[in-house]
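Some notes on the structure that comes next.
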Amino acid sequence: MRSRSLANCASVRVFTCKMQNWYPRACCFCISLRVGTLILGWLSLFVSVGALLSTLKFVPVSYDDFRTACSQVSQEREVHVDPDSCARLVRVTIAFEGIMAAVSTLFSILLVAGVNARKARWMLPYIALQVKGYCLTVLLFLMLLIVAIYIGSAILSLVVILVFVPLMLILSYFIMVVFACYKEIERQSGNFDELCESQYVEA
């Protein structure tokens with residue numbers, strides 16, 4: 001059991017070292033992973049706080065005000081829209097955006113704090129949120145591309161590809177930078193050695 005535990009730790013070490021070759025070793029090939037992750041964290045925090053403040057300004061707006069605004073827009077554009085349904089939809093959308101902005105703000109703070117305090121686990125919520133956002137971006141890209149192909153618009157298909165493909169590449173690269181910084185901090189903190197040691201003692 002003792003030799004098997006050591007062999008498992010050694011195999012995991014080899015696999016981890018091989019996987020590290022796929023991670024970027026610097027952000028944008030010119031700054032360290034730590035500095036790049038901090039820049040991304042502060043930028044994300046700035047955007048999230050701005051989005052949160054933009055949603056908070058709608059808090060004093062009453063339901064009747066939303067209903068009146070929907071009625072005015074419906075009359076101006078000569079489109080029949082139920083004011084009550086429209087008002088409820090607007091309020092739910094604003095509330096959802098506010099919640100997502102608050103969550104993004106919290107996770108961005110955890111990312112910056114985790115990098116500064118060398119706490120790899122604090123970075124995981126931000127990484128999970130970004131991966132989820134990336135998956136939603138890919139889903140949106142596929143939906144728009146299918147619609148463009150279905151209606152037979154080559155120009156719309158080209159625009160969707162030119163907009164979303166670079167965006168997805170940039171997002172995936174930044175996620176890899178943050179994840180590489182996470183692995184670097186985790187490796188420096190010695191969590192892997194502690195895990196192997198605990199397995200060795202239990203064996």
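Order determines the names: the first chain of the structure tokens is A, the second B, and so forth; residues in each chain are numbered 1 upward, and ligands are numbered 1 upward as they are shown.
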**Close residues, stretch 170-173 of chain A itself excluded, 9 Å, only C-alpha atoms, min 6 positions apart in chain, as a list in words** = Pro24, Cys27, Gln130, Val131 and Tyr134 of chain A
**Request:** Tell me, as a ChimeraX atom specification, which residues lie within 8 Å of A:Leu45, counting only C-alpha atoms; anything in the same chain fewer than 5 positions away does not count.
**Result:** /A:104-105,108-109
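Proximity of A:Val35, A:Val92, A:Ile175, A:Met168 to A:Leu139, computed with only C-alpha atoms, is greatest for A:Met168.
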**Which of A:Ile127, A:Ala113, A:Leu158, A:Ile39 sits closest to A:Lys183 [using only C-alpha atoms]** =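 Comparing A:Ile127, A:Ala113, A:Leu158, A:Ile39 against A:Lys183, the winner is A:Ile127.
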Near A:Val178, counting only C-alpha atoms, which residues have an atom at most 10 Å away, once you skip same-chain residues fewer than 5 positions from it, shown as a PDB file with all heavy atoms, in the first residue's frame?
ATOM      1  N   TYR A  23      -0.349  25.302 -20.431  1.00  0.00           N
ATOM      2  CA  TYR A  23      -0.714  26.565 -19.814  1.00  0.00           C
ATOM      3  C   TYR A  23       0.217  27.674 -20.301  1.00  0.00           C
ATOM      4  O   TYR A  23       1.409  27.445 -20.514  1.00  0.00           O
ATOM      5  CB  TYR A  23      -0.637  26.489 -18.288  1.00  0.00           C
ATOM      6  CG  TYR A  23      -1.462  25.397 -17.668  1.00  0.00           C
ATOM      7  CD1 TYR A  23      -1.093  24.830 -16.459  1.00  0.00           C
ATOM      8  CD2 TYR A  23      -2.627  24.941 -18.279  1.00  0.00           C
ATOM      9  CE1 TYR A  23      -1.853  23.828 -15.880  1.00  0.00           C
ATOM     10  CE2 TYR A  23      -3.387  23.942 -17.711  1.00  0.00           C
ATOM     11  CZ  TYR A  23      -2.990  23.382 -16.511  1.00  0.00           C
ATOM     12  OH  TYR A  23      -3.739  22.393 -15.944  1.00  0.00           O
ATOM     13  N   PRO A  24      -0.289  28.899 -20.459  1.00  0.00           N
ATOM     14  CA  PRO A  24       0.612  30.012 -20.761  1.00  0.00           C
ATOM     15  C   PRO A  24       1.503  30.310 -19.562  1.00  0.00           C
ATOM     16  O   PRO A  24       1.059  30.249 -18.414  1.00  0.00           O
ATOM     17  CB  PRO A  24      -0.356  31.174 -21.047  1.00  0.00           C
ATOM     18  CG  PRO A  24      -1.630  30.803 -20.364  1.00  0.00           C
ATOM     19  CD  PRO A  24      -1.712  29.309 -20.425  1.00  0.00           C
ATOM     20  N   CYS A  27       1.383  36.317 -19.322  1.00  0.00           N
ATOM     21  CA  CYS A  27       0.188  36.932 -19.885  1.00  0.00           C
ATOM     22  C   CYS A  27       0.597  37.871 -21.015  1.00  0.00           C
ATOM     23  O   CYS A  27       1.417  38.782 -20.808  1.00  0.00           O
ATOM     24  CB  CYS A  27      -0.573  37.702 -18.803  1.00  0.00           C
ATOM     25  SG  CYS A  27      -2.066  38.516 -19.390  1.00  0.00           S
ATOM     26  N   LEU A  33       2.197  35.922 -14.912  1.00  0.00           N
ATOM     27  CA  LEU A  33       0.832  35.437 -14.726  1.00  0.00           C
ATOM     28  C   LEU A  33       0.131  36.162 -13.579  1.00  0.00           C
ATOM     29  O   LEU A  33      -1.057  36.469 -13.666  1.00  0.00           O
ATOM     30  CB  LEU A  33       0.847  33.930 -14.462  1.00  0.00           C
ATOM     31  CG  LEU A  33       1.280  33.037 -15.621  1.00  0.00           C
ATOM     32  CD1 LEU A  33       1.392  31.591 -15.156  1.00  0.00           C
ATOM     33  CD2 LEU A  33       0.291  33.145 -16.787  1.00  0.00           C
ATOM     34  N   ARG A  34       0.880  36.439 -12.516  1.00  0.00           N
ATOM     35  CA  ARG A  34       0.288  37.101 -11.356  1.00  0.00           C
ATOM     36  C   ARG A  34      -0.178  38.508 -11.714  1.00  0.00           C
ATOM     37  O   ARG A  34      -1.310  38.904 -11.396  1.00  0.00           O
ATOM     38  CB  ARG A  34       1.301  37.150 -10.213  1.00  0.00           C
ATOM     39  CG  ARG A  34       0.770  37.809  -8.945  1.00  0.00           C
ATOM     40  CD  ARG A  34       1.801  37.777  -7.830  1.00  0.00           C
ATOM     41  NE  ARG A  34       1.286  38.372  -6.609  1.00  0.00           N
ATOM     42  CZ  ARG A  34       1.310  39.684  -6.363  1.00  0.00           C
ATOM     43  NH1 ARG A  34       1.859  40.510  -7.251  1.00  0.00           N
ATOM     44  NH2 ARG A  34       0.815  40.161  -5.237  1.00  0.00           N
ATOM     45  N   GLY A  36      -0.765  39.712 -14.750  1.00  0.00           N
ATOM     46  CA  GLY A  36      -1.838  39.615 -15.728  1.00  0.00           C
ATOM     47  C   GLY A  36      -3.167  39.247 -15.102  1.00  0.00           C
ATOM     48  O   GLY A  36      -4.212  39.804 -15.460  1.00  0.00           O
ATOM     49  N   THR A  37      -3.136  38.326 -14.142  1.00  0.00           N
ATOM     50  CA  THR A  37      -4.373  37.942 -13.463  1.00  0.00           C
ATOM     51  C   THR A  37      -4.925  39.078 -12.630  1.00  0.00           C
ATOM     52  O   THR A  37      -6.144  39.292 -12.576  1.00  0.00           O
ATOM     53  CB  THR A  37      -4.121  36.710 -12.579  1.00  0.00           C
ATOM     54  OG1 THR A  37      -3.608  35.638 -13.379  1.00  0.00           O
ATOM     55  CG2 THR A  37      -5.399  36.258 -11.901  1.00  0.00           C
ATOM     56  N   LEU A  38      -4.036  39.834 -11.981  1.00  0.00           N
ATOM     57  CA  LEU A  38      -4.492  40.998 -11.209  1.00  0.00           C
ATOM     58  C   LEU A  38      -5.125  42.048 -12.117  1.00  0.00           C
ATOM     59  O   LEU A  38      -6.145  42.648 -11.762  1.00  0.00           O
ATOM     60  CB  LEU A  38      -3.320  41.601 -10.430  1.00  0.00           C
ATOM     61  CG  LEU A  38      -2.862  40.827  -9.194  1.00  0.00           C
ATOM     62  CD1 LEU A  38      -1.620  41.469  -8.598  1.00  0.00           C
ATOM     63  CD2 LEU A  38      -3.983  40.781  -8.153  1.00  0.00           C
ATOM     64  N   LEU A  40      -6.606  41.495 -15.009  1.00  0.00           N
ATOM     65  CA  LEU A  40      -7.903  40.962 -15.404  1.00  0.00           C
ATOM     66  C   LEU A  40      -8.920  41.055 -14.267  1.00  0.00           C
ATOM     67  O   LEU A  40     -10.096  41.359 -14.493  1.00  0.00           O
ATOM     68  CB  LEU A  40      -7.756  39.509 -15.854  1.00  0.00           C
ATOM     69  CG  LEU A  40      -6.963  39.279 -17.137  1.00  0.00           C
ATOM     70  CD1 LEU A  40      -6.786  37.781 -17.393  1.00  0.00           C
ATOM     71  CD2 LEU A  40      -7.658  39.927 -18.324  1.00  0.00           C
ATOM     72  N   GLY A  41      -8.455  40.783 -13.052  1.00  0.00           N
ATOM     73  CA  GLY A  41      -9.344  40.862 -11.903  1.00  0.00           C
ATOM     74  C   GLY A  41      -9.849  42.269 -11.653  1.00  0.00           C
ATOM     75  O   GLY A  41     -11.044  42.481 -11.404  1.00  0.00           O
ATOM     76  N   LEU A 111     -10.947  36.902  -6.492  1.00  0.00           N
ATOM     77  CA  LEU A 111      -9.801  36.638  -7.365  1.00  0.00           C
ATOM     78  C   LEU A 111      -8.620  37.525  -7.000  1.00  0.00           C
ATOM     79  O   LEU A 111      -7.497  37.035  -6.825  1.00  0.00           O
ATOM     80  CB  LEU A 111     -10.199  36.869  -8.820  1.00  0.00           C
ATOM     81  CG  LEU A 111      -9.064  36.754  -9.838  1.00  0.00           C
ATOM     82  CD1 LEU A 111      -8.559  35.322  -9.925  1.00  0.00           C
ATOM     83  CD2 LEU A 111      -9.508  37.247 -11.213  1.00  0.00           C
ATOM     84  N   VAL A 115      -5.099  36.142  -5.301  1.00  0.00           N
ATOM     85  CA  VAL A 115      -3.771  36.314  -5.896  1.00  0.00           C
ATOM     86  C   VAL A 115      -2.847  37.020  -4.922  1.00  0.00           C
ATOM     87  O   VAL A 115      -1.673  36.631  -4.755  1.00  0.00           O
ATOM     88  CB  VAL A 115      -3.878  37.099  -7.217  1.00  0.00           C
ATOM     89  CG1 VAL A 115      -2.486  37.407  -7.762  1.00  0.00           C
ATOM     90  CG2 VAL A 115      -4.681  36.311  -8.245  1.00  0.00           C
ATOM     91  N   MET A 123      -9.676  31.692  -5.864  1.00  0.00           N
ATOM     92  CA  MET A 123      -9.768  32.011  -7.283  1.00  0.00           C
ATOM     93  C   MET A 123     -10.758  31.117  -8.028  1.00  0.00           C
ATOM     94  O   MET A 123     -11.168  31.440  -9.146  1.00  0.00           O
ATOM     95  CB  MET A 123      -8.388  31.887  -7.923  1.00  0.00           C
ATOM     96  CG  MET A 123      -7.327  32.765  -7.283  1.00  0.00           C
ATOM     97  SD  MET A 123      -5.659  32.359  -7.849  1.00  0.00           S
ATOM     98  CE  MET A 123      -5.794  32.748  -9.596  1.00  0.00           C
ATOM     99  N   LEU A 124     -11.128  30.000  -7.427  1.00  0.00           N
ATOM    100  CA  LEU A 124     -11.976  29.028  -8.114  1.00  0.00           C
ATOM    101  C   LEU A 124     -13.356  29.574  -8.498  1.00  0.00           C
ATOM    102  O   LEU A 124     -13.836  29.289  -9.600  1.00  0.00           O
ATOM    103  CB  LEU A 124     -12.122  27.774  -7.261  1.00  0.00           C
ATOM    104  CG  LEU A 124     -10.887  26.870  -7.183  1.00  0.00           C
ATOM    105  CD1 LEU A 124     -11.141  25.709  -6.238  1.00  0.00           C
ATOM    106  CD2 LEU A 124     -10.519  26.357  -8.572  1.00  0.00           C
ATOM    107  N   TYR A 126     -14.262  32.560  -9.404  1.00  0.00           N
ATOM    108  CA  TYR A 126     -14.114  33.407 -10.592  1.00  0.00           C
ATOM    109  C   TYR A 126     -13.871  32.553 -11.835  1.00  0.00           C
ATOM    110  O   TYR A 126     -14.453  32.818 -12.894  1.00  0.00           O
ATOM    111  CB  TYR A 126     -12.963  34.388 -10.386  1.00  0.00           C
ATOM    112  CG  TYR A 126     -12.720  35.302 -11.572  1.00  0.00           C
ATOM    113  CD1 TYR A 126     -13.421  36.494 -11.701  1.00  0.00           C
ATOM    114  CD2 TYR A 126     -11.794  34.962 -12.550  1.00  0.00           C
ATOM    115  CE1 TYR A 126     -13.204  37.325 -12.782  1.00  0.00           C
ATOM    116  CE2 TYR A 126     -11.575  35.789 -13.641  1.00  0.00           C
ATOM    117  CZ  TYR A 126     -12.279  36.971 -13.747  1.00  0.00           C
ATOM    118  OH  TYR A 126     -12.060  37.788 -14.833  1.00  0.00           O
ATOM    119  N   ILE A 127     -13.024  31.542 -11.706  1.00  0.00           N
ATOM    120  CA  ILE A 127     -12.738  30.668 -12.848  1.00  0.00           C
ATOM    121  C   ILE A 127     -14.012  29.953 -13.291  1.00  0.00           C
ATOM    122  O   ILE A 127     -14.308  29.859 -14.495  1.00  0.00           O
ATOM    123  CB  ILE A 127     -11.633  29.668 -12.488  1.00  0.00           C
ATOM    124  CG1 ILE A 127     -10.314  30.406 -12.208  1.00  0.00           C
ATOM    125  CG2 ILE A 127     -11.440  28.653 -13.607  1.00  0.00           C
ATOM    126  CD1 ILE A 127      -9.200  29.500 -11.717  1.00  0.00           C
ATOM    127  N   GLN A 130     -16.299  32.374 -15.134  1.00  0.00           N
ATOM    128  CA  GLN A 130     -15.822  32.694 -16.478  1.00  0.00           C
ATOM    129  C   GLN A 130     -16.028  31.519 -17.443  1.00  0.00           C
ATOM    130  O   GLN A 130     -16.348  31.728 -18.614  1.00  0.00           O
ATOM    131  CB  GLN A 130     -14.348  33.080 -16.434  1.00  0.00           C
ATOM    132  CG  GLN A 130     -14.068  34.361 -15.669  1.00  0.00           C
ATOM    133  CD  GLN A 130     -14.854  35.538 -16.214  1.00  0.00           C
ATOM    134  OE1 GLN A 130     -14.899  35.764 -17.413  1.00  0.00           O
ATOM    135  NE2 GLN A 130     -15.478  36.294 -15.328  1.00  0.00           N
ATOM    136  N   TYR A 173      -8.277  32.469 -23.886  1.00  0.00           N
ATOM    137  CA  TYR A 173      -6.889  32.749 -23.496  1.00  0.00           C
ATOM    138  C   TYR A 173      -6.826  33.353 -22.093  1.00  0.00           C
ATOM    139  O   TYR A 173      -5.984  32.961 -21.269  1.00  0.00           O
ATOM    140  CB  TYR A 173      -6.239  33.690 -24.502  1.00  0.00           C
ATOM    141  CG  TYR A 173      -4.829  34.076 -24.130  1.00  0.00           C
ATOM    142  CD1 TYR A 173      -3.777  33.180 -24.286  1.00  0.00           C
ATOM    143  CD2 TYR A 173      -4.553  35.330 -23.595  1.00  0.00           C
ATOM    144  CE1 TYR A 173      -2.480  33.519 -23.928  1.00  0.00           C
ATOM    145  CE2 TYR A 173      -3.262  35.678 -23.235  1.00  0.00           C
ATOM    146  CZ  TYR A 173      -2.237  34.775 -23.406  1.00  0.00           C
ATOM    147  OH  TYR A 173      -0.960  35.120 -23.042  1.00  0.00           O
ATOM    148  N   LYS A 183      -2.881  27.442 -10.847  1.00  0.00           N
ATOM    149  CA  LYS A 183      -2.033  26.263 -10.693  1.00  0.00           C
ATOM    150  C   LYS A 183      -0.666  26.636 -10.150  1.00  0.00           C
ATOM    151  O   LYS A 183      -0.075  25.883  -9.362  1.00  0.00           O
ATOM    152  CB  LYS A 183      -1.888  25.559 -12.038  1.00  0.00           C
ATOM    153  CG  LYS A 183      -3.188  25.004 -12.617  1.00  0.00           C
ATOM    154  CD  LYS A 183      -3.837  23.992 -11.709  1.00  0.00           C
ATOM    155  CE  LYS A 183      -2.988  22.742 -11.565  1.00  0.00           C
ATOM    156  NZ  LYS A 183      -3.681  21.704 -10.748  1.00  0.00           N
ATOM    157  N   GLU A 184      -0.162  27.794 -10.546  1.00  0.00           N
ATOM    158  CA  GLU A 184       1.144  28.233 -10.056  1.00  0.00           C
ATOM    159  C   GLU A 184       1.100  28.501  -8.560  1.00  0.00           C
ATOM    160  O   GLU A 184       1.992  28.084  -7.811  1.00  0.00           O
ATOM    161  CB  GLU A 184       1.562  29.494 -10.808  1.00  0.00           C
ATOM    162  CG  GLU A 184       2.940  30.009 -10.441  1.00  0.00           C
ATOM    163  CD  GLU A 184       3.299  31.255 -11.218  1.00  0.00           C
ATOM    164  OE1 GLU A 184       2.833  32.357 -10.841  1.00  0.00           O
ATOM    165  OE2 GLU A 184       4.033  31.147 -12.212  1.00  0.00           O
TER     166      GLU A 184
END
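Distances to A:Phe58 were evaluated for A:Cys86, A:Ala26, A:Ser71, A:Arg91 using only C-alpha atoms, and the minimum falls at A:Arg91.
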**Request:** Would you mind telling me which residue in A:Thr55, A:Asp84, A:Val160, A:Tyr182 lies nearest to A:Thr137 when using only C-alpha atoms?
**Result:**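 Under the stated criterion, the closest residue is A:Val160.
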**Request:** With a distance cut-off of 9 Å and only C-alpha atoms, select the neighbouring residues of A:Leu52, excluding the residue or stretch itself and same-chain residues fewer than 4 positions from it, and output the selection as a PyMOL selection string.
**Result:** chain A and resi 47-48+56-57+97-102+105
Take the residues from that selection and write them out as a compact mmCIF listing (two decimals), in the first residue's frame, keeping C-alpha atoms.
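Written out: part.txt:
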# COMPACT_ATOMS: atom_id res chain seq x y z
CA VAL A 47 -16.95 46.38 -15.20
CA SER A 48 -18.99 44.45 -12.63
CA LEU A 56 -29.31 49.93 -8.92
CA LYS A 57 -30.55 53.16 -10.48
CA GLU A 97 -28.63 41.46 -14.30
CA GLY A 98 -28.21 43.00 -10.86
CA ILE A 99 -27.73 39.61 -9.22
CA MET A 100 -25.21 38.53 -11.84
CA ALA A 101 -23.34 41.83 -11.48
CA ALA A 102 -23.23 41.40 -7.69
CA THR A 105 -18.23 41.71 -8.25
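The two atoms in question, atom CA of A:Cys181 and atom CA of A:Phe46, are spaced 20.5 Å apart.
Shell of A:Pro125 at 8 Å, with only C-alpha atoms counted and residues fewer than 4 places along the chain excluded, is Phe107, Leu110 and Leu129 of chain A.
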Looking only at the backbone, which of the residues in stretch 23-164 of chain A does DSSP tag as helix (DSSP H, G or I), as a JSON list (two decimals) with C-alpha atoms, in the first residue's frame?
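Output file result-v8.json is given in full below:
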[["chain", "number", "residue", "atom", "x", "y", "z"],
["A", 33, "LEU", "CA", 0.83, 35.44, -14.73],
["A", 34, "ARG", "CA", 0.29, 37.10, -11.36],
["A", 35, "VAL", "CA", 0.31, 40.64, -12.75],
["A", 36, "GLY", "CA", -1.84, 39.62, -15.73],
["A", 37, "THR", "CA", -4.37, 37.94, -13.46],
["A", 38, "LEU", "CA", -4.49, 41.00, -11.21],
["A", 39, "ILE", "CA", -5.10, 43.24, -14.22],
["A", 40, "LEU", "CA", -7.90, 40.96, -15.40],
["A", 41, "GLY", "CA", -9.34, 40.86, -11.90],
["A", 42, "TRP", "CA", -9.36, 44.65, -11.51],
["A", 43, "LEU", "CA", -10.84, 45.14, -14.99],
["A", 44, "SER", "CA", -13.54, 42.58, -14.26],
["A", 45, "LEU", "CA", -14.23, 44.26, -10.91],
["A", 46, "PHE", "CA", -14.52, 47.68, -12.57],
["A", 47, "VAL", "CA", -16.95, 46.38, -15.20],
["A", 48, "SER", "CA", -18.99, 44.45, -12.63],
["A", 49, "VAL", "CA", -19.32, 47.45, -10.30],
["A", 50, "GLY", "CA", -20.37, 49.61, -13.25],
["A", 51, "ALA", "CA", -23.01, 47.08, -14.26],
["A", 52, "LEU", "CA", -24.22, 46.82, -10.66],
["A", 53, "LEU", "CA", -24.55, 50.59, -10.32],
["A", 54, "SER", "CA", -26.41, 50.79, -13.63],
["A", 55, "THR", "CA", -29.00, 48.33, -12.35],
["A", 56, "LEU", "CA", -29.31, 49.93, -8.92],
["A", 63, "TYR", "CA", -44.05, 49.03, -11.36],
["A", 64, "ASP", "CA", -46.45, 51.68, -12.68],
["A", 65, "ASP", "CA", -43.53, 53.62, -14.17],
["A", 66, "PHE", "CA", -42.34, 50.51, -16.03],
["A", 67, "ARG", "CA", -45.88, 49.87, -17.22],
["A", 68, "THR", "CA", -46.25, 53.45, -18.48],
["A", 69, "ALA", "CA", -42.92, 53.28, -20.30],
["A", 70, "CYS", "CA", -43.91, 50.02, -22.00],
["A", 71, "SER", "CA", -47.21, 51.55, -23.11],
["A", 72, "GLN", "CA", -45.44, 54.58, -24.57],
["A", 73, "VAL", "CA", -42.93, 52.46, -26.47],
["A", 74, "SER", "CA", -45.75, 50.26, -27.77],
["A", 75, "GLN", "CA", -47.66, 53.28, -29.05],
["A", 76, "GLU", "CA", -44.63, 54.96, -30.62],
["A", 83, "PRO", "CA", -47.96, 46.59, -20.62],
["A", 84, "ASP", "CA", -48.22, 44.32, -17.57],
["A", 85, "SER", "CA", -46.26, 41.47, -19.16],
["A", 86, "CYS", "CA", -43.69, 43.90, -20.52],
["A", 87, "ALA", "CA", -43.23, 45.57, -17.13],
["A", 88, "ARG", "CA", -42.80, 42.23, -15.36],
["A", 89, "LEU", "CA", -40.29, 41.07, -17.97],
["A", 90, "VAL", "CA", -38.26, 44.27, -17.65],
["A", 91, "ARG", "CA", -38.19, 44.03, -13.85],
["A", 92, "VAL", "CA", -37.13, 40.37, -13.92],
["A", 93, "THR", "CA", -34.40, 41.14, -16.46],
["A", 94, "ILE", "CA", -33.04, 44.04, -14.40],
["A", 95, "ALA", "CA", -33.13, 41.96, -11.23],
["A", 96, "PHE", "CA", -31.27, 39.10, -12.94],
["A", 97, "GLU", "CA", -28.63, 41.46, -14.30],
["A", 98, "GLY", "CA", -28.21, 43.00, -10.86],
["A", 99, "ILE", "CA", -27.73, 39.61, -9.22],
["A", 100, "MET", "CA", -25.21, 38.53, -11.84],
["A", 101, "ALA", "CA", -23.34, 41.83, -11.48],
["A", 102, "ALA", "CA", -23.23, 41.40, -7.69],
["A", 103, "VAL", "CA", -21.96, 37.83, -8.02],
["A", 104, "SER", "CA", -19.35, 38.89, -10.56],
["A", 105, "THR", "CA", -18.23, 41.71, -8.25],
["A", 106, "LEU", "CA", -17.85, 39.33, -5.32],
["A", 107, "PHE", "CA", -15.95, 36.74, -7.36],
["A", 108, "SER", "CA", -13.66, 39.42, -8.84],
["A", 109, "ILE", "CA", -12.83, 40.59, -5.32],
["A", 110, "LEU", "CA", -12.09, 36.98, -4.33],
["A", 111, "LEU", "CA", -9.80, 36.64, -7.36],
["A", 112, "VAL", "CA", -7.77, 39.74, -6.53],
["A", 113, "ALA", "CA", -7.63, 38.81, -2.85],
["A", 114, "GLY", "CA", -6.66, 35.23, -3.68],
["A", 115, "VAL", "CA", -3.77, 36.31, -5.90],
["A", 116, "ASN", "CA", -2.48, 38.81, -3.31],
["A", 117, "ALA", "CA", -2.88, 36.39, -0.39],
["A", 120, "ALA", "CA", -5.61, 29.39, -4.78],
["A", 121, "ARG", "CA", -9.05, 28.26, -3.58],
["A", 122, "TRP", "CA", -10.31, 31.84, -3.52],
["A", 123, "MET", "CA", -9.77, 32.01, -7.28],
["A", 124, "LEU", "CA", -11.98, 29.03, -8.11],
["A", 125, "PRO", "CA", -15.37, 30.87, -8.05],
["A", 126, "TYR", "CA", -14.11, 33.41, -10.59],
["A", 127, "ILE", "CA", -12.74, 30.67, -12.85],
["A", 128, "ALA", "CA", -16.03, 28.75, -12.66],
["A", 129, "LEU", "CA", -18.01, 31.90, -13.47],
["A", 130, "GLN", "CA", -15.82, 32.69, -16.48],
["A", 131, "VAL", "CA", -16.07, 29.13, -17.79],
["A", 132, "LYS", "CA", -19.86, 29.35, -17.50],
["A", 133, "GLY", "CA", -19.86, 32.67, -19.33],
["A", 134, "TYR", "CA", -17.66, 31.20, -22.05],
["A", 135, "CYS", "CA", -20.05, 28.28, -22.53],
["A", 136, "LEU", "CA", -22.97, 30.69, -22.84],
["A", 137, "THR", "CA", -21.01, 32.72, -25.40],
["A", 138, "VAL", "CA", -20.35, 29.60, -27.47],
["A", 139, "LEU", "CA", -24.04, 28.65, -27.24],
["A", 140, "LEU", "CA", -25.10, 32.12, -28.36],
["A", 141, "PHE", "CA", -22.62, 31.98, -31.25],
["A", 142, "LEU", "CA", -23.99, 28.65, -32.45],
["A", 143, "MET", "CA", -27.60, 29.85, -32.18],
["A", 144, "LEU", "CA", -26.94, 33.04, -34.15],
["A", 145, "LEU", "CA", -24.93, 31.15, -36.75],
["A", 146, "ILE", "CA", -27.71, 28.58, -37.22],
["A", 147, "VAL", "CA", -30.27, 31.37, -37.60],
["A", 148, "ALA", "CA", -28.07, 33.17, -40.13],
["A", 149, "ILE", "CA", -27.60, 29.98, -42.15],
["A", 150, "TYR", "CA", -31.30, 29.15, -41.92],
["A", 154, "ALA", "CA", -24.12, 35.07, -45.94],
["A", 155, "ILE", "CA", -23.34, 38.58, -44.70],
["A", 156, "LEU", "CA", -24.93, 37.94, -41.30],
["A", 157, "SER", "CA", -23.07, 34.62, -41.02],
["A", 158, "LEU", "CA", -19.79, 36.37, -41.79],
["A", 159, "VAL", "CA", -20.49, 39.11, -39.24],
["A", 160, "VAL", "CA", -21.33, 36.54, -36.55],
["A", 161, "ILE", "CA", -18.13, 34.62, -37.25],
["A", 162, "LEU", "CA", -15.94, 37.74, -37.34],
["A", 163, "VAL", "CA", -17.38, 39.00, -34.06],
["A", 164, "PHE", "CA", -17.67, 35.83, -32.00]]
